[in-house]
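**Q** Contents of run-v5.csv (CSV, C-alpha atoms and all ligand atoms):
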chain,number,residue,atom,x,y,z
A,1,MET,CA,2.0,2.8,17.9
A,2,ASN,CA,3.5,6.2,17.0
A,3,ASN,CA,4.0,6.0,13.2
A,4,PHE,CA,4.2,8.3,10.2
A,5,ILE,CA,3.2,8.0,6.6
A,6,ILE,CA,6.1,8.7,4.3
A,7,ASP,CA,5.0,11.4,1.8
A,8,GLY,CA,6.4,10.4,-1.6
A,9,LYS,CA,4.5,13.1,-3.3
A,10,GLU,CA,6.1,15.8,-1.2
A,11,ILE,CA,9.6,14.4,-1.3
A,12,SER,CA,9.4,13.9,-5.1
A,13,ALA,CA,8.2,17.5,-5.5
A,14,GLN,CA,11.3,18.7,-3.6
A,15,ILE,CA,13.6,16.6,-5.8
A,16,LYS,CA,12.0,18.0,-9.0
A,17,GLU,CA,12.4,21.5,-7.7
A,18,GLU,CA,16.1,20.8,-7.1
A,19,VAL,CA,16.5,19.3,-10.5
A,20,LYS,CA,14.7,22.3,-12.1
A,21,LYS,CA,17.1,24.8,-10.4
A,22,GLU,CA,20.1,22.7,-11.4
A,23,ALA,CA,18.9,22.5,-15.0
A,24,GLU,CA,18.7,26.3,-15.1
A,25,ARG,CA,22.3,26.5,-13.7
A,26,GLN,CA,23.5,24.1,-16.3
A,27,LYS,CA,21.8,26.0,-19.1
A,28,GLU,CA,23.6,29.2,-17.9
A,29,LYS,CA,26.8,27.2,-18.5
A,30,GLY,CA,25.5,26.3,-22.0
A,31,LYS,CA,24.6,22.7,-21.2
A,32,SER,CA,21.1,21.3,-21.6
A,33,ALA,CA,19.7,17.8,-21.1
A,34,SER,CA,17.4,16.1,-23.5
A,35,LEU,CA,15.6,12.8,-23.1
A,36,ALA,CA,14.6,10.6,-26.0
A,37,VAL,CA,11.7,8.3,-25.0
A,38,ILE,CA,10.9,5.3,-27.3
A,39,LEU,CA,7.6,3.6,-27.0
A,40,VAL,CA,6.8,0.5,-29.1
A,41,GLY,CA,3.2,-0.6,-29.5
A,42,ASN,CA,0.0,0.4,-27.8
A,43,ASP,CA,0.2,-0.8,-24.2
A,44,PRO,CA,-2.2,1.7,-22.4
A,45,ALA,CA,-0.2,1.6,-19.1
A,46,SER,CA,3.1,2.3,-21.0
A,47,LYS,CA,1.4,5.2,-22.8
A,48,VAL,CA,0.5,6.8,-19.4
A,49,TYR,CA,4.0,6.3,-18.1
A,50,VAL,CA,5.5,7.9,-21.2
A,51,LYS,CA,3.1,10.9,-20.9
A,52,ASN,CA,4.0,11.4,-17.3
A,53,LYS,CA,7.7,11.3,-18.1
A,54,LYS,CA,7.2,13.9,-20.8
A,55,LYS,CA,5.2,16.1,-18.4
A,56,ALA,CA,8.0,15.8,-15.7
A,57,CYS,CA,10.6,16.8,-18.3
A,58,GLU,CA,8.7,19.8,-19.3
A,59,TYR,CA,8.3,20.9,-15.7
A,60,VAL,CA,12.0,20.6,-14.8
A,61,GLY,CA,13.2,22.1,-18.1
A,62,ILE,CA,14.6,19.1,-19.8
A,63,GLN,CA,13.8,18.7,-23.5
A,64,SER,CA,12.0,15.5,-24.3
A,65,LEU,CA,11.6,13.9,-27.7
A,66,SER,CA,9.3,10.9,-28.2
A,67,TYR,CA,9.4,8.2,-30.7
A,68,GLU,CA,6.2,6.2,-30.8
A,69,LEU,CA,6.8,3.2,-33.0
A,70,PRO,CA,4.1,0.7,-34.2
A,71,GLU,CA,3.7,-2.7,-32.5
A,72,GLU,CA,5.1,-4.4,-35.7
A,73,THR,CA,8.5,-2.6,-35.3
A,74,THR,CA,11.2,-5.2,-35.7
A,75,GLU,CA,14.1,-5.7,-33.3
A,76,GLU,CA,16.5,-4.6,-36.1
A,77,GLU,CA,14.5,-1.4,-36.7
A,78,LEU,CA,14.5,-0.6,-33.0
A,79,LEU,CA,18.3,-1.3,-32.7
A,80,GLN,CA,18.8,1.1,-35.7
A,81,LYS,CA,16.8,3.9,-34.0
A,82,ILE,CA,18.9,3.4,-30.8
A,83,ASP,CA,22.1,3.5,-32.8
A,84,GLU,CA,21.0,6.8,-34.4
A,85,LEU,CA,20.1,8.3,-31.0
A,86,ASN,CA,23.4,7.1,-29.4
A,87,LYS,CA,25.3,9.0,-32.1
A,88,GLN,CA,23.2,12.2,-31.8
A,89,GLU,CA,25.1,14.6,-29.6
A,90,ASP,CA,22.1,16.7,-28.7
A,91,ILE,CA,20.4,13.7,-27.2
A,92,THR,CA,21.8,13.1,-23.7
A,93,GLY,CA,19.5,10.5,-22.3
A,94,ILE,CA,17.7,7.5,-23.9
A,95,LEU,CA,14.8,5.5,-22.4
A,96,VAL,CA,13.0,2.6,-24.0
A,97,GLN,CA,9.7,2.0,-22.3
A,98,LEU,CA,9.3,-1.6,-21.1
A,99,PRO,CA,7.7,-4.0,-21.6
A,100,LEU,CA,8.5,-4.4,-25.3
A,101,PRO,CA,6.4,-6.6,-27.6
A,102,SER,CA,7.3,-10.3,-27.2
A,103,HIS,CA,9.1,-10.5,-30.6
A,104,ILE,CA,11.8,-8.0,-29.4
A,105,ASN,CA,14.6,-9.2,-27.0
A,106,GLU,CA,14.6,-6.7,-24.2
A,107,ASP,CA,18.0,-7.6,-23.0
A,108,LYS,CA,19.5,-6.9,-26.5
A,109,ILE,CA,17.8,-3.5,-26.6
A,110,ILE,CA,19.0,-2.5,-23.1
A,111,CYS,CA,22.5,-3.5,-24.0
A,112,ALA,CA,22.3,-1.4,-27.2
A,113,ILE,CA,21.8,1.9,-25.4
A,114,SER,CA,25.0,3.8,-24.8
A,115,PRO,CA,25.8,3.4,-21.0
A,116,LYS,CA,26.5,7.2,-21.0
A,117,LYS,CA,22.9,7.8,-22.0
A,118,ASP,CA,21.3,5.0,-20.1
A,119,VAL,CA,19.2,7.1,-17.7
A,120,ASP,CA,17.1,4.1,-16.6
A,121,GLY,CA,20.3,2.5,-15.2
A,122,PHE,CA,19.6,-0.9,-16.8
A,123,HIS,CA,22.7,-1.4,-19.0
A,124,PRO,CA,25.0,-4.1,-17.6
A,125,GLN,CA,27.9,-1.5,-17.3
A,126,ASN,CA,25.8,0.7,-15.0
A,127,VAL,CA,24.6,-2.4,-13.1
A,128,GLY,CA,28.2,-3.5,-12.7
A,129,ASN,CA,29.3,-0.1,-11.6
A,130,LEU,CA,26.7,-0.1,-8.8
A,131,SER,CA,27.9,-3.5,-7.6
A,132,ILE,CA,31.6,-2.4,-7.3
A,133,GLY,CA,30.8,1.0,-5.9
A,134,ARG,CA,31.7,3.1,-9.0
A,135,SER,CA,29.5,6.0,-10.1
A,136,GLY,CA,27.0,5.5,-12.9
A,137,PHE,CA,23.3,5.6,-13.5
A,138,ILE,CA,21.2,3.8,-10.9
A,139,SER,CA,17.8,2.2,-11.5
A,140,CYS,CA,15.2,4.9,-10.6
A,141,THR,CA,12.8,3.1,-8.4
A,142,PRO,CA,15.4,1.7,-5.9
A,143,ALA,CA,17.3,5.0,-6.0
A,144,GLY,CA,13.9,6.7,-5.1
A,145,VAL,CA,13.5,4.4,-2.1
A,146,ILE,CA,16.9,5.4,-0.7
A,147,GLU,CA,15.9,9.1,-1.1
A,148,LEU,CA,12.6,8.4,0.7
A,149,LEU,CA,14.4,6.8,3.6
A,150,LYS,CA,17.1,9.5,3.9
A,151,ARG,CA,14.8,12.5,3.5
A,152,SER,CA,12.5,11.0,6.2
A,153,ASN,CA,15.5,10.8,8.5
A,154,ILE,CA,15.3,7.0,8.8
A,155,ASP,CA,18.7,5.4,9.6
A,156,ILE,CA,19.8,2.7,7.2
A,157,GLU,CA,23.3,1.9,8.5
A,158,GLY,CA,23.6,-1.2,10.6
A,159,ARG,CA,19.9,-2.1,10.3
A,160,GLU,CA,18.4,-5.4,9.2
A,161,CYS,CA,16.9,-4.7,5.7
A,162,VAL,CA,14.9,-7.4,4.0
A,163,VAL,CA,14.1,-7.0,0.3
A,164,VAL,CA,11.4,-9.3,-1.0
A,165,GLY,CA,11.9,-9.5,-4.8
A,166,ARG,CA,15.0,-10.0,-6.9
A,167,SER,CA,14.2,-8.5,-10.3
A,168,ASN,CA,16.9,-6.7,-12.2
A,169,ILE,CA,15.1,-3.4,-12.1
A,170,VAL,CA,13.9,-3.3,-8.4
A,171,GLY,CA,15.0,-6.1,-6.0
A,172,LYS,CA,18.7,-6.6,-6.9
A,173,PRO,CA,19.7,-2.9,-7.3
A,174,MET,CA,17.7,-2.2,-4.1
A,175,ALA,CA,19.8,-4.7,-2.2
A,176,MET,CA,23.0,-3.3,-3.6
A,177,LEU,CA,22.0,0.3,-2.6
A,178,LEU,CA,21.1,-0.7,0.9
A,179,LEU,CA,24.4,-2.5,1.2
A,180,ARG,CA,26.2,0.6,0.0
A,181,GLU,CA,24.4,2.4,2.9
A,182,ASN,CA,25.9,-0.2,5.3
A,183,ALA,CA,22.7,-2.1,6.0
A,184,THR,CA,22.7,-5.8,6.7
A,185,VAL,CA,20.7,-7.0,3.7
A,186,THR,CA,18.7,-10.2,3.0
A,187,ILE,CA,17.1,-10.8,-0.4
A,188,CYS,CA,14.0,-13.0,-0.6
A,189,HIS,CA,12.3,-14.5,-3.6
A,190,SER,CA,9.7,-17.1,-4.6
A,191,LYS,CA,11.8,-20.0,-3.4
A,192,THR,CA,12.6,-18.5,0.0
A,193,LYS,CA,11.5,-20.8,2.8
A,194,ASN,CA,9.7,-19.5,5.9
A,195,LEU,CA,9.3,-16.0,4.4
A,196,LYS,CA,7.4,-14.7,7.4
A,197,GLU,CA,10.3,-15.6,9.7
A,198,VAL,CA,12.7,-13.7,7.6
A,199,THR,CA,10.5,-10.6,7.1
A,200,LYS,CA,9.8,-10.5,10.8
A,201,ARG,CA,13.5,-9.8,11.4
A,202,ALA,CA,13.4,-6.7,9.2
A,203,ASP,CA,13.9,-3.2,10.7
A,204,ILE,CA,13.2,-2.0,7.1
A,205,LEU,CA,11.1,-4.2,4.8
A,206,ILE,CA,11.1,-3.5,1.1
A,207,ALA,CA,8.1,-5.1,-0.6
A,208,ALA,CA,8.6,-5.7,-4.3
A,209,VAL,CA,6.8,-9.1,-5.0
A,210,GLY,CA,4.3,-7.8,-7.5
A,211,LYS,CA,1.3,-9.3,-5.6
A,212,PRO,CA,-1.5,-7.1,-4.4
A,213,LYS,CA,-1.8,-6.8,-0.6
A,214,PHE,CA,0.6,-9.8,-0.1
A,215,PHE,CA,2.1,-8.5,3.1
A,216,THR,CA,-0.3,-8.8,6.0
A,217,ALA,CA,0.4,-7.9,9.7
A,218,ASP,CA,1.9,-11.3,10.4
A,219,TYR,CA,4.9,-10.6,8.1
A,220,ILE,CA,5.9,-7.4,10.0
A,221,LYS,CA,8.0,-6.9,13.1
A,222,GLU,CA,6.4,-4.4,15.5
A,223,GLY,CA,7.8,-0.9,14.7
A,224,ALA,CA,9.4,-1.8,11.4
A,225,VAL,CA,9.7,0.7,8.5
A,226,VAL,CA,7.7,-0.7,5.5
A,227,ILE,CA,8.4,0.5,1.9
A,228,ASP,CA,5.8,-0.7,-0.6
A,229,VAL,CA,7.1,-0.7,-4.2
A,230,GLY,CA,4.1,-2.6,-5.7
A,231,ILE,CA,1.4,-1.0,-7.8
A,232,HIS,CA,-1.8,-2.8,-8.6
A,233,ARG,CA,-5.5,-2.3,-8.9
A,234,ASP,CA,-7.6,-4.1,-6.3
A,235,GLU,CA,-11.1,-5.6,-6.7
A,236,LYS,CA,-12.7,-2.1,-6.4
A,237,ASN,CA,-10.3,-0.9,-9.1
A,238,GLN,CA,-8.5,1.3,-6.5
A,239,LEU,CA,-4.7,1.5,-6.6
A,240,CYS,CA,-3.0,-0.6,-4.0
A,241,GLY,CA,0.5,-2.0,-3.3
A,242,ASP,CA,2.1,-5.3,-2.3
A,243,VAL,CA,1.3,-4.4,1.4
A,244,ASP,CA,-2.1,-4.6,3.0
A,245,PHE,CA,-1.8,-1.0,4.2
A,246,GLU,CA,-4.9,-0.9,6.4
A,247,GLN,CA,-3.8,-4.0,8.3
A,248,VAL,CA,-0.1,-3.2,8.5
A,249,VAL,CA,0.0,0.5,9.2
A,250,GLU,CA,-0.5,0.3,12.9
A,251,HIS,CA,2.4,-2.1,13.4
A,252,THR,CA,4.9,0.2,11.7
A,253,SER,CA,7.0,3.2,12.7
A,254,ALA,CA,6.9,4.5,9.1
A,255,ILE,CA,5.2,3.3,5.9
A,256,THR,CA,4.8,4.4,2.3
A,257,PRO,CA,1.2,4.6,1.0
A,258,VAL,CA,0.1,3.5,-2.5
A,259,PRO,CA,-0.5,5.8,-4.3
A,260,GLY,CA,1.7,8.6,-3.1
A,261,GLY,CA,4.7,6.6,-1.8
A,262,VAL,CA,7.4,5.1,-4.0
A,263,GLY,CA,5.5,5.7,-7.3
A,264,PRO,CA,6.2,9.5,-7.7
A,265,MET,CA,9.8,9.0,-6.7
A,266,THR,CA,10.6,6.9,-9.8
A,267,ILE,CA,10.0,9.8,-12.2
A,268,ALA,CA,11.8,12.3,-9.9
A,269,MET,CA,14.9,10.1,-9.9
A,270,LEU,CA,14.6,9.7,-13.7
A,271,MET,CA,14.8,13.5,-13.9
A,272,LYS,CA,17.8,13.5,-11.7
A,273,ASN,CA,19.5,10.9,-13.8
A,274,CYS,CA,18.8,13.0,-17.0
A,275,LEU,CA,20.5,15.9,-15.4
A,276,ASN,CA,23.4,13.8,-14.2
A,277,ALA,CA,24.0,12.8,-17.8
A,278,ILE,CA,25.2,16.3,-18.6
A,279,LYS,CA,27.0,17.1,-15.3
A,280,ASP,CA,30.8,16.8,-15.2
A,301,LIG,P1,8.9,-8.9,-10.9
A,301,LIG,O1,7.6,-9.7,-11.2
A,301,LIG,O2,9.9,-8.8,-12.0
A,301,LIG,O3,9.6,-9.6,-9.6
A,301,LIG,C1,8.9,-10.1,-8.5
A,301,LIG,C2,9.8,-10.7,-7.6
A,301,LIG,O4,9.0,-11.2,-6.4
A,301,LIG,C3,10.6,-11.9,-8.1
A,301,LIG,O5,11.9,-11.9,-7.7
A,301,LIG,C4,9.9,-13.1,-7.5
A,301,LIG,O6,10.7,-14.2,-7.2
A,301,LIG,C5,9.4,-12.5,-6.2
A,301,LIG,N1,8.2,-13.2,-5.7
A,301,LIG,C6,7.1,-13.5,-6.3
A,301,LIG,N2,6.2,-14.2,-5.5
A,301,LIG,C7,6.8,-14.3,-4.4
A,301,LIG,C8,6.5,-14.9,-3.1
A,301,LIG,N3,5.3,-15.6,-3.0
A,301,LIG,N4,7.4,-14.9,-2.1
A,301,LIG,C9,8.5,-14.3,-2.2
A,301,LIG,N5,8.9,-13.7,-3.4
A,301,LIG,C10,8.1,-13.7,-4.4
A,301,LIG,O7,8.4,-7.5,-10.4
A,301,LIG,P2,9.3,-6.1,-10.3
A,301,LIG,O8,10.4,-6.2,-9.5
A,301,LIG,O9,9.4,-5.6,-11.7
A,301,LIG,O10,8.2,-5.2,-9.6
A,301,LIG,C11,7.7,-5.5,-8.3
A,301,LIG,C12,6.5,-4.6,-8.0
A,301,LIG,O11,6.9,-3.3,-8.1
A,301,LIG,C13,5.3,-4.8,-9.0
A,301,LIG,O12,4.1,-4.6,-8.3
A,301,LIG,C14,5.5,-3.6,-9.9
A,301,LIG,O13,4.3,-3.1,-10.5
A,301,LIG,C15,6.1,-2.6,-9.0
A,301,LIG,N6,6.9,-1.5,-9.6
A,301,LIG,C16,6.7,-0.3,-9.2
A,301,LIG,C17,7.5,0.8,-9.7
A,301,LIG,C18,7.2,2.1,-9.2
A,301,LIG,O14,7.6,3.1,-9.9
A,301,LIG,N7,6.6,2.3,-8.0
A,301,LIG,C19,8.5,0.5,-10.7
A,301,LIG,C20,8.7,-0.9,-11.0
A,301,LIG,C21,7.9,-1.9,-10.5
A,301,LIG,P3,11.4,-15.1,-8.3
A,301,LIG,O15,12.6,-14.3,-8.8
A,301,LIG,O16,11.9,-16.3,-7.6
A,301,LIG,O17,10.4,-15.3,-9.4
What do you get writing this file as structure tokens?
Ligand code: NDP

**A**
Amino acid sequence: MNNFIIDGKEISAQIKEEVKKEAERQKEKGKSASLAVILVGNDPASKVYVKNKKKACEYVGIQSLSYELPEETTEEELLQKIDELNKQEDITGILVQLPLPSHINEDKIICAISPKKDVDGFHPQNVGNLSIGRSGFISCTPAGVIELLKRSNIDIEGRECVVVGRSNIVGKPMAMLLLRENATVTICHSKTKNLKEVTKRADILIAAVGKPKFFTADYIKEGAVVIDVGIHRDEKNQLCGDVDFEQVVEHTSAITPVPGGVGPMTIAMLMKNCLNAIKD
């Protein structure tokens, strides 16, 4: 089957170049973006994510400030830090790296960030805006998926899109965004019956179940577009996604690899959100 591999590295590089140019234009107008990143604890994966976000900021010309707080930080102390940053005019974006230690209520923390500085797009006000078609910050990973599809010239309008996963940061906003693009959208989750029957209807399948190589060829309609949001390490410690790429690729018309698909888009879209925070 004639298919192509969607190059998330290339597309994310294009977006970062665009953000860089726009950041320069904004600076000429006297406006500059700055991102405050808060990390609580010593989770090694979170440390890598934070480092990559700082690197991306540096590249596109957005100032980044990092606050690395000890594991024992209390919820109260974290709320206080967020309150300070909300009030600081020179901070235009705030991001709290998730997951947080279990003694801190994530929902409370997300709600404490000013919606105007919520560059992750997790605050209920931004989530609500997305649902009713108002502008606001959009969760970076699903926003990145839409960019991947559009910049790969894949039509979304009128097509059957199946999203497997209904988390607040991936599945649900993904479905809302596809709906906004006029797709016919089905959301599946762990209680969905006959999952294969549903996914086999998909012209575009978005895999976000958080299970390595879950989607084998028998879940895929011949010629479908498959977008793999998952990130895992397999038995050989190699990165892999929710899709069994080797098995599925030949049945698709387009597919994202892991690594090099959705992953790099998340940071590129975060940079875009940081810049949107200072644009009129
Ligand atoms: P969650 O674990 O929060 O959600 C997983 C979803 O999959 C849930 O809605 C769950 O259903 C559903 N699910 C689990 N098992 C099944 C099953 N057997 N059949 C159907 N549905 C199932 O994960 P996230 O949404 O946070 O992330 C999904 C994946 O994407 C992960 O691999 C994560 O690492 C990756 N990720 C990648 C990012 C990137 O930048 N590329 C960013 C964020 C996440 P239920 O609600 O019923 O429990």

**Q** At a cut-off of 12 Å, can you tabulate as CSV every residue of region 27-124 of chain A near region 173-179 of chain A together with its closest atom pair and the distance in Å to one decimal, using all atoms listed in the file and ordering rows by chain then number?

**A**
residue,atom,partner,partner_atom,distance
A:Asp120,CA,A:Pro173,CA,11.9
A:Gly121,CA,A:Pro173,CA,9.6
A:Phe122,CA,A:Pro173,CA,9.7
A:Pro124,CA,A:Pro173,CA,11.6

**Q** Report as a ChimeraX atom specification all protein, DNA and RNA residues lying within 12 Å of Ser167 (chain A), evaluated on only C-alpha atoms, omitting residues in the same chain fewer than 3 positions from it.

**A** /A:122,139,141-142,163-164,170-175,187-190,207-210

**Q** So which residues touch Lys211 (chain A) within 8 Å, counting only C-alpha atoms, skipping near sequence neighbours fewer than 4 positions away, as number ranges by chain?

**A** A: 230, 232, 241-242

**Q** When distances are computed from only C-alpha atoms, which of A:Val226, A:Ile204, A:Val50, A:Ile109 shows the smallest separation from Glu75 (chain A)?

**A**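 Of the candidates, the smallest distance to Glu75 (chain A) is held by A:Ile109.
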
**Q** Between A:Lys55, A:Lys81, A:Arg166, A:Lys236, which is the closest to ligand LIG 301 (chain A) once you count only C-alpha atoms and all ligand atoms?

**A**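 Closest residue, counting only C-alpha atoms and all ligand atoms: A:Arg166.
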
**Q** Which one of A:Ala224, A:Ile169, A:Ile146, A:Val243 sits closest to ligand LIG 301 (chain A) if you count only C-alpha atoms and all ligand atoms?

**A**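 Smallest separation from ligand LIG 301 (chain A) among the options: A:Ile169.
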
**Q** Closest to ligand LIG 301 (chain A) among A:Asp90, A:Asp228, A:Glu160, A:Asp280, using all atoms listed in the file?

**A**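 Among the listed residues, the smallest separation from ligand LIG 301 (chain A) belongs to A:Asp228.
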
**Q** May I ask which of the residues A:Lys51, A:Lys108, A:Arg233, A:Arg159 is the closest one to ligand LIG 301 (chain A), counting all atoms listed in the file?

**A**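 Counting all atoms listed in the file, the residue closest to ligand LIG 301 (chain A) is A:Arg233.
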
**Q** Hey, which bits of region 214-273 of chain A sit within 12 Å of region 35-39 of chain A, and for each residue what's the closest pair of atoms and how far apart in Å (one decimal), counting only C-alpha atoms, rows by chain and increasing number, as a Markdown table?

**A**
| residue | atom | partner | partner_atom | distance |
| --- | --- | --- | --- | --- |
| A:Leu270 | CA | A:Leu35 | CA | 9.9 |
| A:Met271 | CA | A:Leu35 | CA | 9.3 |
| A:Lys272 | CA | A:Leu35 | CA | 11.6 |
| A:Asn273 | CA | A:Leu35 | CA | 10.3 |

**Q** In Å, rounded to a single decimal, give me how far CA of Thr256 (chain A) is from CA of Glu181 (chain A).

**A**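 CA of Thr256 (chain A) lies 19.7 Å from CA of Glu181 (chain A).
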
**Q** When you look at Lys87 (chain A) with a cut-off of 12 Å (counting all atoms listed in the file), what residues show up, excluding the ones that are within fewer than 3 positions of it in the same chain? I need them as a list of chain:residue names.

**A** A:Gln80, A:Lys81, A:Ile82, A:Asp83, A:Glu84, A:Asp90, A:Ile91, A:Thr92, A:Gly93, A:Ile94, A:Ala112, A:Ile113, A:Ser114, A:Lys116, A:Lys117

**Q** How many Å lie between CA of Pro212 (chain A) and atom C3 of ligand LIG 301 (chain A), rounded to one decimal?

**A**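 One can read the CA of Pro212 (chain A) to atom C3 of ligand LIG 301 (chain A) distance as 13.5 Å.
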
**Q** Mind checking which residues fall within 12 Å of Ser32 (chain A), counting all atoms listed in the file, ignoring those fewer than 6 positions away in the same chain, and posting them as a PyMOL selection string?

**A** chain A and resi 20+22-26+57+60-64+89-93+274-279

**Q** Which of these residues is nearest to ligand LIG 301 (chain A), using all atoms listed in the file: A:Arg180, A:Lys221, A:His251, A:Lys196?

**A**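 Closest to ligand LIG 301 (chain A), using all atoms listed in the file: A:Lys196.
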
**Q** Any idea what the distance is between CA of Lys9 (chain A) and atom N6 of ligand LIG 301 (chain A)?

**A**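 Computing it gives 16.1 Å between the two atoms.
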
**Q** I'd like the neighbourhood of Tyr219 (chain A) as number ranges by chain, where a residue qualifies if any of its atoms comes within 6 Å (using only C-alpha atoms), though same-chain residues fewer than 2 positions away should be ignored.

**A** A: 196, 199-200, 216-217

**Q** Kindly save the residues from that selection, with C-alpha atoms included, as a tab-separated table (two decimals), in the frame of the given file.

**A**
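Below you can see part.tsv, which holds the result:
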chain	number	residue	atom	x	y	z
A	196	LYS	CA	7.40	-14.70	7.40
A	199	THR	CA	10.50	-10.60	7.10
A	200	LYS	CA	9.80	-10.50	10.80
A	216	THR	CA	-0.30	-8.80	6.00
A	217	ALA	CA	0.40	-7.90	9.70

**Q** For region 218-224 of chain A, supply all heavy atoms and format the output as a short mmCIF file (atom, residue, chain, number, x, y, z; two decimals), keeping the file's coordinate frame.

**A**
data_model
loop_
_atom_site.label_atom_id
_atom_site.label_comp_id
_atom_site.auth_asym_id
_atom_site.auth_seq_id
_atom_site.Cartn_x
_atom_site.Cartn_y
_atom_site.Cartn_z
N ASP A 218 1.08 -10.23 9.89
CA ASP A 218 1.90 -11.30 10.40
C ASP A 218 3.29 -11.44 9.74
O ASP A 218 4.10 -12.27 10.12
CB ASP A 218 1.16 -12.66 10.35
CG ASP A 218 0.51 -12.91 9.01
OD1 ASP A 218 0.30 -11.94 8.27
OD2 ASP A 218 0.22 -14.07 8.69
N TYR A 219 3.58 -10.60 8.74
CA TYR A 219 4.90 -10.60 8.10
C TYR A 219 5.80 -9.48 8.73
O TYR A 219 6.96 -9.35 8.35
CB TYR A 219 4.79 -10.25 6.62
CG TYR A 219 4.34 -11.39 5.74
CD1 TYR A 219 2.99 -11.63 5.52
CD2 TYR A 219 5.27 -12.22 5.11
CE1 TYR A 219 2.56 -12.67 4.70
CE2 TYR A 219 4.86 -13.25 4.29
CZ TYR A 219 3.50 -13.48 4.09
OH TYR A 219 3.10 -14.50 3.28
N ILE A 220 5.21 -8.67 9.61
CA ILE A 220 5.90 -7.40 10.00
C ILE A 220 6.33 -7.46 11.45
O ILE A 220 5.56 -7.84 12.34
CB ILE A 220 4.90 -6.21 9.82
CG1 ILE A 220 4.19 -6.26 8.45
CG2 ILE A 220 5.58 -4.87 10.08
CD1 ILE A 220 5.05 -6.04 7.24
N LYS A 221 7.58 -7.01 11.68
CA LYS A 221 8.00 -6.90 13.10
C LYS A 221 7.43 -5.57 13.63
O LYS A 221 7.36 -4.55 12.91
CB LYS A 221 9.57 -6.75 13.07
CG LYS A 221 10.18 -6.45 14.41
CD LYS A 221 11.65 -6.75 14.43
CE LYS A 221 12.47 -5.47 14.32
NZ LYS A 221 13.90 -5.75 14.46
N GLU A 222 7.01 -5.59 14.86
CA GLU A 222 6.40 -4.40 15.50
C GLU A 222 7.39 -3.23 15.38
O GLU A 222 8.55 -3.36 15.76
CB GLU A 222 6.10 -4.75 16.95
CG GLU A 222 4.95 -4.05 17.59
CD GLU A 222 3.60 -4.18 16.88
OE1 GLU A 222 3.31 -5.24 16.31
OE2 GLU A 222 2.86 -3.18 16.91
N GLY A 223 6.94 -2.12 14.82
CA GLY A 223 7.80 -0.90 14.70
C GLY A 223 8.69 -0.86 13.52
O GLY A 223 9.53 0.04 13.41
N ALA A 224 8.52 -1.79 12.59
CA ALA A 224 9.40 -1.80 11.40
C ALA A 224 9.02 -0.60 10.46
O ALA A 224 7.93 -0.01 10.57
CB ALA A 224 9.19 -3.08 10.62
#
